[in-house]
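Text of work-v8.txt (compact mmCIF, C-alpha atoms and all ligand atoms) as supplied:
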```
# COMPACT_ATOMS: atom_id res chain seq x y z
CA MET A 1 27.20 -222.43 157.60
CA GLN A 2 25.87 -221.18 154.28
CA ALA A 3 22.90 -222.49 152.36
CA VAL A 4 21.81 -222.35 148.75
CA VAL A 5 18.04 -222.14 148.43
CA LEU A 6 16.69 -223.06 145.00
CA VAL A 7 13.83 -220.74 144.11
CA GLY A 8 14.28 -220.30 140.37
CA GLY A 9 11.81 -222.75 138.86
CA PHE A 10 8.76 -221.72 136.87
CA GLY A 11 6.32 -223.46 139.22
CA THR A 12 4.34 -224.74 136.24
CA ARG A 13 2.22 -227.17 138.27
CA LEU A 14 0.94 -224.24 140.33
CA ARG A 15 -0.14 -222.12 137.37
CA PRO A 16 -1.97 -219.78 137.12
CA LEU A 17 -0.94 -218.75 140.66
CA THR A 18 2.72 -218.76 139.66
CA LEU A 19 2.14 -216.61 136.59
CA THR A 20 1.95 -213.62 138.93
CA THR A 21 3.91 -214.82 141.98
CA PRO A 22 6.89 -217.20 141.98
CA LYS A 23 6.10 -220.41 143.87
CA GLN A 24 8.26 -219.69 146.91
CA MET A 25 6.64 -216.26 147.35
CA LEU A 26 3.13 -217.74 147.50
CA PRO A 27 1.67 -217.38 150.98
CA ILE A 28 1.62 -220.26 153.42
CA LEU A 29 -0.62 -219.01 156.19
CA HIS A 30 -0.13 -215.28 155.41
CA LYS A 31 3.67 -215.54 155.07
CA PRO A 32 5.65 -216.23 151.89
CA MET A 33 6.78 -219.85 151.67
CA ILE A 34 10.44 -218.75 151.55
CA GLU A 35 10.13 -217.30 155.06
CA HIS A 36 9.06 -220.67 156.46
CA VAL A 37 12.00 -222.30 154.69
CA LEU A 38 14.51 -219.76 155.99
CA GLU A 39 13.11 -219.93 159.55
CA HIS A 40 13.78 -223.65 159.53
CA LEU A 41 17.33 -223.12 158.26
CA ALA A 42 17.97 -220.37 160.86
CA HIS A 43 16.77 -222.75 163.55
CA HIS A 44 19.65 -225.05 162.55
CA GLY A 45 22.31 -222.37 162.61
CA ILE A 46 22.28 -221.15 159.01
CA THR A 47 23.23 -217.46 159.02
CA GLU A 48 23.63 -216.80 155.30
CA ALA A 49 21.61 -218.03 152.36
CA VAL A 50 22.04 -217.61 148.64
CA LEU A 51 18.72 -217.40 146.85
CA SER A 52 19.26 -219.17 143.57
CA MET A 53 16.86 -217.26 141.37
CA GLY A 54 15.76 -217.38 137.77
CA TYR A 55 12.07 -216.83 137.27
CA ARG A 56 10.71 -213.54 138.70
CA PRO A 57 13.66 -212.63 140.93
CA ASP A 58 12.19 -209.17 141.48
CA ALA A 59 9.47 -210.63 143.73
CA PHE A 60 12.07 -211.78 146.26
CA ALA A 61 14.28 -208.71 146.07
CA ASP A 62 11.27 -206.40 146.53
CA ALA A 63 9.98 -208.32 149.54
CA TYR A 64 13.35 -208.44 151.31
CA ALA A 65 14.85 -205.17 150.17
CA ASP A 66 17.14 -204.99 153.21
CA GLY A 67 18.63 -208.37 152.30
CA VAL A 68 17.49 -210.15 155.47
CA CYS A 69 14.73 -212.74 155.81
CA ALA A 70 13.89 -214.62 159.03
CA GLY A 71 17.16 -213.31 160.47
CA VAL A 72 19.18 -214.89 157.65
CA LYS A 73 21.43 -212.70 155.50
CA LEU A 74 20.54 -213.12 151.84
CA HIS A 75 22.64 -213.12 148.70
CA TYR A 76 20.77 -212.89 145.43
CA ALA A 77 22.16 -215.00 142.61
CA ILE A 78 20.17 -214.36 139.44
CA GLU A 79 20.81 -216.77 136.59
CA PRO A 80 20.99 -215.27 133.12
CA GLU A 81 19.00 -218.29 131.91
CA PRO A 82 17.58 -221.36 133.70
CA LEU A 83 20.54 -223.62 134.54
CA ASP A 84 18.52 -226.45 136.11
CA THR A 85 19.18 -227.60 139.68
CA ALA A 86 22.93 -228.36 139.61
CA GLY A 87 23.77 -225.49 137.26
CA ALA A 88 21.85 -223.22 139.63
CA ILE A 89 23.72 -224.54 142.67
CA ARG A 90 27.08 -223.99 141.00
CA PHE A 91 26.15 -220.49 139.84
CA ALA A 92 24.85 -219.52 143.28
CA ALA A 93 27.76 -221.02 145.23
CA LEU A 94 30.35 -219.28 143.05
CA HIS A 95 28.37 -216.04 143.26
CA ALA A 96 28.46 -216.11 147.06
CA GLY A 97 32.04 -217.42 147.27
CA ILE A 98 31.09 -220.60 149.11
CA ALA A 99 34.28 -222.50 150.04
CA ASP A 100 33.21 -224.77 152.91
CA ARG A 101 30.70 -227.58 153.08
CA PHE A 102 27.26 -226.13 152.59
CA VAL A 103 23.59 -226.95 152.58
CA VAL A 104 21.22 -226.94 149.59
CA VAL A 105 17.46 -226.94 149.88
CA ASN A 106 14.62 -226.99 147.38
CA GLY A 107 12.76 -223.80 148.29
CA ASP A 108 9.32 -225.36 147.87
CA VAL A 109 9.68 -227.96 150.64
CA LEU A 110 8.27 -227.41 154.12
CA THR A 111 9.77 -229.72 156.69
CA ASP A 112 10.85 -230.10 160.29
CA LEU A 113 13.76 -232.35 159.32
CA ASP A 114 16.75 -232.33 161.65
CA LEU A 115 19.33 -230.51 159.57
CA THR A 116 21.83 -230.48 162.44
CA ALA A 117 21.72 -234.28 162.56
CA LEU A 118 22.05 -234.48 158.76
CA VAL A 119 25.24 -232.38 158.86
CA ALA A 120 26.62 -234.60 161.65
CA PHE A 121 25.79 -237.69 159.56
CA HIS A 122 27.56 -236.13 156.58
CA ASP A 123 30.69 -235.35 158.60
CA ALA A 124 30.79 -238.88 160.03
CA HIS A 125 30.60 -240.54 156.58
CA HIS A 126 33.23 -238.49 154.74
CA GLY A 127 31.41 -238.51 151.42
CA GLU A 128 31.15 -235.61 148.99
CA GLY A 129 27.44 -235.26 149.57
CA THR A 130 24.58 -236.38 151.79
CA ILE A 131 20.90 -236.40 150.85
CA ALA A 132 18.06 -236.25 153.37
CA LEU A 133 15.48 -238.95 152.69
CA HIS A 134 11.79 -239.14 153.39
CA GLN A 135 9.41 -242.08 153.16
CA VAL A 136 6.34 -241.69 150.95
CA GLN A 137 3.54 -243.92 149.69
CA ASP A 138 4.01 -243.16 146.00
CA PRO A 139 7.63 -242.34 145.17
CA SER A 140 7.01 -241.88 141.42
CA ALA A 141 6.79 -238.06 141.67
CA TYR A 142 10.19 -237.79 143.34
CA GLY A 143 13.83 -238.80 143.21
CA VAL A 144 14.09 -242.35 144.56
CA VAL A 145 17.16 -243.23 146.59
CA PRO A 146 18.10 -246.80 147.60
CA THR A 147 21.06 -247.10 149.99
CA ASP A 148 23.11 -249.85 151.61
CA ASP A 149 23.16 -250.43 155.38
CA ASP A 150 25.90 -247.85 155.85
CA GLY A 151 23.86 -245.15 154.10
CA ARG A 152 25.81 -245.19 150.85
CA VAL A 153 23.57 -244.36 147.92
CA LEU A 154 23.29 -247.26 145.46
CA ALA A 155 21.29 -245.47 142.76
CA PHE A 156 19.45 -242.22 142.18
CA VAL A 157 16.35 -242.62 140.05
CA GLU A 158 14.50 -239.39 139.31
CA LYS A 159 10.74 -239.85 138.91
CA PRO A 160 10.54 -243.58 138.07
CA ALA A 161 7.43 -244.97 136.40
CA PRO A 162 4.70 -245.83 138.92
CA GLY A 163 5.38 -249.22 140.49
CA GLU A 164 9.02 -249.30 139.36
CA ALA A 165 10.66 -247.51 142.29
CA PRO A 166 13.33 -249.62 144.04
CA THR A 167 12.36 -248.20 147.49
CA ASP A 168 9.84 -245.83 149.04
CA LEU A 169 12.59 -243.54 150.36
CA ILE A 170 12.78 -240.36 148.31
CA ASN A 171 15.06 -237.36 147.97
CA ALA A 172 13.68 -234.83 150.45
CA GLY A 173 15.37 -231.95 148.60
CA THR A 174 17.89 -231.13 151.35
CA TYR A 175 21.57 -231.84 150.76
CA VAL A 176 24.88 -231.30 152.54
CA LEU A 177 27.59 -230.88 149.90
CA GLU A 178 31.35 -230.47 149.90
CA PRO A 179 32.66 -227.72 147.62
CA ALA A 180 34.27 -230.50 145.52
CA VAL A 181 30.81 -231.25 144.14
CA LEU A 182 30.88 -227.88 142.37
CA ASP A 183 33.79 -229.13 140.23
CA ARG A 184 31.56 -231.92 138.96
CA ILE A 185 29.09 -229.44 137.47
CA ALA A 186 29.74 -228.20 133.95
CA ASP A 187 29.80 -224.43 133.58
CA GLY A 188 27.37 -222.40 131.52
CA ARG A 189 24.79 -225.01 130.61
CA LYS A 190 21.78 -226.73 132.15
CA VAL A 191 22.81 -229.47 134.55
CA SER A 192 20.37 -231.46 136.66
CA ILE A 193 21.67 -232.58 140.05
CA GLU A 194 19.09 -235.35 140.08
CA ARG A 195 19.68 -236.73 136.60
CA GLU A 196 23.36 -236.05 136.06
CA VAL A 197 25.41 -235.15 139.14
CA PHE A 198 23.97 -237.54 141.72
CA PRO A 199 24.17 -240.57 139.39
CA ALA A 200 27.84 -239.72 138.72
CA MET A 201 28.50 -239.44 142.46
CA VAL A 202 26.81 -242.81 142.97
CA ALA A 203 29.17 -244.34 140.40
CA ASP A 204 32.12 -242.84 142.32
CA ARG A 205 30.69 -244.12 145.63
CA VAL A 206 30.85 -240.70 147.30
CA LEU A 207 27.14 -240.05 147.89
CA TYR A 208 25.34 -240.85 151.15
CA ALA A 209 21.79 -240.47 152.37
CA SER A 210 20.08 -240.44 155.72
CA PRO A 211 16.40 -241.17 156.35
CA GLY A 212 14.42 -238.84 158.59
CA ASN A 213 11.09 -239.33 160.23
CA THR A 214 9.56 -235.88 160.46
CA TYR A 215 7.01 -233.65 158.83
CA TRP A 216 7.78 -233.13 155.14
CA ILE A 217 5.84 -231.83 152.16
CA ASP A 218 6.73 -230.60 148.68
CA THR A 219 4.20 -227.81 148.10
CA GLY A 220 4.57 -227.78 144.32
CA THR A 221 1.07 -228.89 143.25
CA PRO A 222 -2.31 -227.31 144.08
CA ALA A 223 -3.31 -230.31 146.24
CA ALA A 224 -0.03 -230.20 148.17
CA TYR A 225 -0.17 -226.41 148.53
CA LEU A 226 -3.58 -226.86 150.15
CA ARG A 227 -2.42 -229.82 152.24
CA ALA A 228 0.58 -227.89 153.64
CA GLN A 229 -1.77 -225.24 155.01
CA MET A 230 -4.43 -227.67 156.26
CA ASP A 231 -1.65 -229.41 158.20
CA LEU A 232 -0.76 -226.15 159.95
CA LEU A 233 -4.41 -225.41 160.70
CA GLN A 234 -5.02 -228.89 162.07
CA GLY A 235 -1.94 -228.88 164.28
CA VAL A 236 -0.15 -231.69 162.44
CA ARG A 237 3.15 -229.84 163.03
CA GLY A 238 2.51 -228.70 166.59
CA GLU A 239 0.20 -226.00 167.82
CA ARG A 240 -2.89 -225.39 165.67
CA ALA A 241 -2.65 -222.15 163.74
CA SER A 242 -5.52 -219.80 162.97
CA GLY A 243 -6.06 -219.22 159.29
CA ILE A 244 -8.24 -216.14 159.38
CA HIS A 245 -6.39 -212.88 158.94
CA PRO A 246 -7.59 -210.12 161.29
CA THR A 247 -8.62 -207.97 158.31
CA ALA A 248 -10.77 -210.68 156.70
CA VAL A 249 -14.51 -210.07 156.96
CA VAL A 250 -16.86 -213.02 157.30
CA ALA A 251 -20.62 -212.44 157.33
CA PRO A 252 -22.22 -213.63 160.57
CA ASP A 253 -24.15 -216.44 158.93
CA ALA A 254 -21.38 -217.59 156.59
CA VAL A 255 -19.48 -220.79 157.41
CA VAL A 256 -15.68 -220.91 157.34
CA ALA A 257 -13.96 -224.17 158.27
CA ARG A 258 -10.34 -225.43 157.93
CA SER A 259 -9.47 -222.51 155.66
CA VAL A 260 -6.99 -219.72 155.23
CA LEU A 261 -8.51 -216.27 154.62
CA GLY A 262 -5.85 -213.73 153.68
CA PRO A 263 -5.84 -209.98 154.28
CA GLY A 264 -9.02 -208.21 153.21
CA VAL A 265 -10.86 -211.36 152.14
CA ARG A 266 -14.66 -211.04 152.23
CA VAL A 267 -17.11 -213.90 152.63
CA ASP A 268 -20.72 -212.80 152.18
CA ALA A 269 -23.92 -213.95 153.81
CA GLY A 270 -24.82 -217.62 153.60
CA ALA A 271 -21.56 -218.59 151.86
CA ALA A 272 -19.52 -221.61 152.94
CA VAL A 273 -15.74 -221.96 152.71
CA ARG A 274 -14.16 -225.30 153.63
CA GLY A 275 -10.65 -226.67 153.28
CA SER A 276 -9.62 -223.77 151.04
CA VAL A 277 -7.08 -221.01 150.71
CA LEU A 278 -8.30 -217.53 149.79
CA MET A 279 -5.55 -215.02 149.07
CA ALA A 280 -5.58 -211.30 149.78
CA GLY A 281 -8.69 -209.43 148.69
CA ALA A 282 -10.56 -212.49 147.40
CA HIS A 283 -14.35 -212.16 147.56
CA VAL A 284 -16.95 -214.90 147.94
CA GLY A 285 -20.50 -213.81 147.07
CA ALA A 286 -23.63 -214.62 149.02
CA GLY A 287 -24.52 -218.29 149.20
CA ALA A 288 -21.47 -219.41 147.23
CA VAL A 289 -19.63 -222.60 148.23
CA ILE A 290 -15.84 -222.90 148.14
CA GLU A 291 -14.55 -226.35 148.96
CA ARG A 292 -10.94 -227.54 148.59
CA ALA A 293 -10.10 -224.66 146.29
CA ILE A 294 -7.49 -221.94 145.95
CA LEU A 295 -8.55 -218.38 145.17
CA GLY A 296 -5.75 -216.06 144.03
CA ASN A 297 -5.42 -212.42 145.02
CA ARG A 298 -8.64 -210.43 144.44
CA ALA A 299 -10.40 -213.39 142.82
CA GLU A 300 -14.19 -213.06 142.81
CA VAL A 301 -16.76 -215.82 143.14
CA GLY A 302 -20.28 -214.71 142.30
CA PRO A 303 -23.34 -215.36 144.46
CA GLY A 304 -24.53 -218.95 144.45
CA ALA A 305 -21.51 -220.28 142.58
CA ARG A 306 -19.62 -223.40 143.61
CA VAL A 307 -15.84 -223.82 143.32
CA ASP A 308 -14.40 -227.13 144.50
CA ASP A 309 -12.26 -230.22 143.84
CA VAL A 310 -8.87 -228.45 143.93
CA ALA A 311 -9.95 -225.76 141.48
CA VAL A 312 -7.51 -222.85 141.23
CA LEU A 313 -8.52 -219.26 140.43
CA GLY A 314 -5.68 -217.01 139.29
CA ASP A 315 -5.26 -213.46 140.55
CA ASP A 316 -8.21 -211.22 139.57
CA ALA A 317 -10.11 -214.15 138.06
CA SER A 318 -13.87 -214.16 138.47
CA VAL A 319 -16.58 -216.78 138.38
CA GLY A 320 -20.09 -215.61 137.51
CA PRO A 321 -23.16 -216.18 139.67
CA ASP A 322 -24.44 -219.75 140.10
CA LEU A 323 -21.62 -221.29 138.03
CA ARG A 324 -19.76 -224.44 139.01
CA VAL A 325 -16.00 -224.92 138.75
CA SER A 326 -14.82 -228.38 139.83
CA GLY A 327 -11.07 -228.82 139.48
CA GLY A 328 -9.05 -227.16 136.74
CA SER A 329 -8.32 -223.47 136.80
CA VAL A 330 -9.51 -220.02 135.81
CA GLY A 331 -6.73 -217.85 134.38
CA VAL A 332 -5.34 -214.59 135.71
CA GLY A 333 -7.95 -211.87 135.13
CA GLU A 334 -10.23 -214.29 133.28
CA HIS A 335 -13.97 -213.81 133.71
CA LEU A 336 -15.90 -217.04 133.60
CA GLU A 337 -19.49 -216.63 132.52
CA VAL A 338 -20.34 -220.25 131.61
CA SER A 339 -19.51 -223.32 133.71
CA PRO A 340 -16.60 -225.21 132.12
CA ALA A 341 -17.39 -228.73 130.90
CA ARG A 342 -16.35 -231.25 133.51
CA VAL A 343 -13.88 -233.99 132.66
CA GLY A 344 -15.78 -236.82 131.02
CA GLU A 345 -18.65 -234.60 129.94
CA GLY A 346 -19.48 -233.13 126.54
N1 LIG B 401 17.59 -221.34 140.30
C1 LIG B 401 16.94 -222.35 139.73
N2 LIG B 401 17.13 -222.62 138.40
N3 LIG B 401 16.06 -223.07 140.47
C2 LIG B 401 15.41 -224.09 139.87
C3 LIG B 401 15.58 -224.41 138.51
C4 LIG B 401 16.50 -223.62 137.73
O1 LIG B 401 16.73 -223.83 136.54
N4 LIG B 401 14.77 -225.47 138.23
C5 LIG B 401 14.13 -225.78 139.38
N5 LIG B 401 14.50 -224.94 140.37
C6 LIG B 401 14.07 -224.95 141.79
C7 LIG B 401 12.56 -224.91 141.99
O2 LIG B 401 12.11 -223.58 142.14
C8 LIG B 401 12.39 -225.72 143.28
O3 LIG B 401 12.54 -224.91 144.45
C9 LIG B 401 13.54 -226.71 143.24
O4 LIG B 401 14.49 -226.20 142.31
C10 LIG B 401 13.10 -228.11 142.80
O5 LIG B 401 12.39 -228.02 141.59
P1 LIG B 401 10.94 -228.66 141.43
O6 LIG B 401 10.46 -228.33 140.07
O7 LIG B 401 10.09 -228.31 142.59
O8 LIG B 401 11.32 -230.21 141.45
P2 LIG B 401 10.42 -231.45 141.86
O9 LIG B 401 9.58 -231.12 143.04
O10 LIG B 401 9.72 -231.95 140.64
O11 LIG B 401 11.53 -232.55 142.26
C11 LIG B 401 12.61 -232.20 143.10
O12 LIG B 401 12.20 -232.17 144.47
C12 LIG B 401 11.77 -233.44 145.02
C13 LIG B 401 11.47 -233.23 146.50
O13 LIG B 401 10.65 -232.17 146.73
C14 LIG B 401 13.72 -233.24 142.91
O14 LIG B 401 14.85 -232.78 143.63
C15 LIG B 401 13.29 -234.62 143.42
O15 LIG B 401 14.39 -235.52 143.33
C16 LIG B 401 12.85 -234.52 144.87
O16 LIG B 401 12.38 -235.78 145.34
MG MG B 402 9.09 -229.41 144.13
```
Write out the structure in this file as structure tokens.
Amino acid sequence: MQAVVLVGGFGTRLRPLTLTTPKQMLPILHKPMIEHVLEHLAHHGITEAVLSMGYRPDAFADAYADGVCAGVKLHYAIEPEPLDTAGAIRFAALHAGIADRFVVVNGDVLTDLDLTALVAFHDAHHGEGTIALHQVQDPSAYGVVPTDDDGRVLAFVEKPAPGEAPTDLINAGTYVLEPAVLDRIADGRKVSIEREVFPAMVADRVLYASPGNTYWIDTGTPAAYLRAQMDLLQGVRGERASGIHPTAVVAPDAVVARSVLGPGVRVDAGAAVRGSVLMAGAHVGAGAVIERAILGNRAEVGPGARVDDVAVLGDDASVGPDLRVSGGSVGVGEHLEVSPARVGEG
């Protein structure tokens, strides 16, 4: 079975990290996100995947120059301009000559959902499409999907206002689609599967959905990108993983807890790193504190500084000695010499 993997978005909520690396090439525990996604698909019998690319396609093609990732054969479909989710699916499926029922996944979702069972559900219900569902506390950031008892979708409401969602079951970003769905997607313009195609399929009563009860996270915000890796470190998805790359150097009296330290990361004497992700070559000066933060490649934190509260440092950013960065971000290559005003101050 073939899969279309959507990886063409701009990843705006993860800027400045995504200014230099497309979201699905950001590391999740030392391995690009896309590899985790393709491993999961391979586990369920997917042998070929079309990467539906727009923004920074070079990053994927360079990393998988032999056209294979996690044992899955890759096709590269590069959109001439962003076509939005449905436009991208159509473009990619036609590019790869997909003619049988196929799978679509949002490339920024990490999940253990049972794709094999989803395909079986799809085949048993004879619809044109089946959406995997996941239960969340606050559905307002997602597509909300009420169904009847038979699993037929009654409505598809993309990102409803807080408190207005008809159910707490959301679109998990994994679909099984018949090729007939491609005929519903207009050619050569932006088409959203969430806002245009799914609502039309609901009206025609050909869309189904099946709830799962497994690990699921959309990694598309800094907090979720951190969470996804903390979950792996804490064994939420099975065996606990180690986050410290063998080439990372931690001073003997520095503290590192619940954190990912990428290749060549250095943590100097007396520093503390907790609940954070430090990408390749990042450097934490003596006595500095990094707590719930993301440091991009080669980012520098000066001695005695404090970076916390989901702050994000872009690649090659630096924070001067003794400064404090709580939340917000420091741009790619930006050198911070004065602590930024905190929200609610000055
Ligand atoms: N090729 C291509 N072209 N890919 C795109 C485009 C495009 O124009 N726009 C977005 N994508 C890709 C993104 O890279 C991502 O992998 C996927 O499509 C979904 O886009 P996001 O920007 O991450 O959407 P979202 O997280 O706000 O919402 C979507 O995912 C939720 C679950 O994670 C929706 O599908 C929601 O309904 C869903 O609940
Ligand atoms: Mg997303």
Go through A:Pro16, A:Pro82, A:Gly8, A:Pro211 one by one, measure the shortest atom-to-atom distance of each to Ile294 of chain A using only C-alpha atoms, and give the residue with the smallest value.
A:Pro16
Can you tell me how far atom CA of Arg184 of chain A sits from atom CA of Glu158 of chain A, in Å to one decimal?
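A separation of 18.6 Å between them.
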Extract, using all atoms listed in the file, all DNA, RNA and protein residues at most 7 Å from Gly287 of chain A, discarding same-chain residues fewer than 3 positions from it, and format them as a PyMOL selection string.
chain A and resi 269-271+303-304
9 Å contact set for Arg292 of chain A, all atoms listed in the file, chain neighbours under 6 positions out, as a compact mmCIF listing (two decimals) with C-alpha atoms, keeping the file's coordinate frame:
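For reference, result_27.txt as written:
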```txt
# COMPACT_ATOMS: atom_id res chain seq x y z
CA ALA A 223 -3.31 -230.31 146.24
CA LEU A 226 -3.58 -226.86 150.15
CA SER A 259 -9.47 -222.51 155.66
CA VAL A 273 -15.74 -221.96 152.71
CA ARG A 274 -14.16 -225.30 153.63
CA GLY A 275 -10.65 -226.67 153.28
CA SER A 276 -9.62 -223.77 151.04
CA VAL A 277 -7.08 -221.01 150.71
CA VAL A 307 -15.84 -223.82 143.32
CA ASP A 308 -14.40 -227.13 144.50
CA ASP A 309 -12.26 -230.22 143.84
CA VAL A 310 -8.87 -228.45 143.93
CA ALA A 311 -9.95 -225.76 141.48
```
Can you pull out every residue within 10 Å of Ala180 of chain A, counting all atoms listed in the file, but drop anything in the same chain fewer than 6 positions away, and send it as a PDB file with C-alpha atoms, in the coordinates of the input?
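File selection_4.pdb, as written:
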```pdb
ATOM      1  CA  ALA A  99      34.280-222.500 150.040  1.00  0.00           C
ATOM      2  CA  ASP A 100      33.210-224.770 152.910  1.00  0.00           C
ATOM      3  CA  ARG A 101      30.700-227.580 153.080  1.00  0.00           C
ATOM      4  CA  GLU A 128      31.150-235.610 148.990  1.00  0.00           C
ATOM      5  CA  GLY A 129      27.440-235.260 149.570  1.00  0.00           C
TER       6      GLY A 129
END
```
Which of A:Val332, A:Asp183, A:Arg306, A:Gly243 sits closest to Ala272 of chain A [using all atoms listed in the file]:
A:Arg306
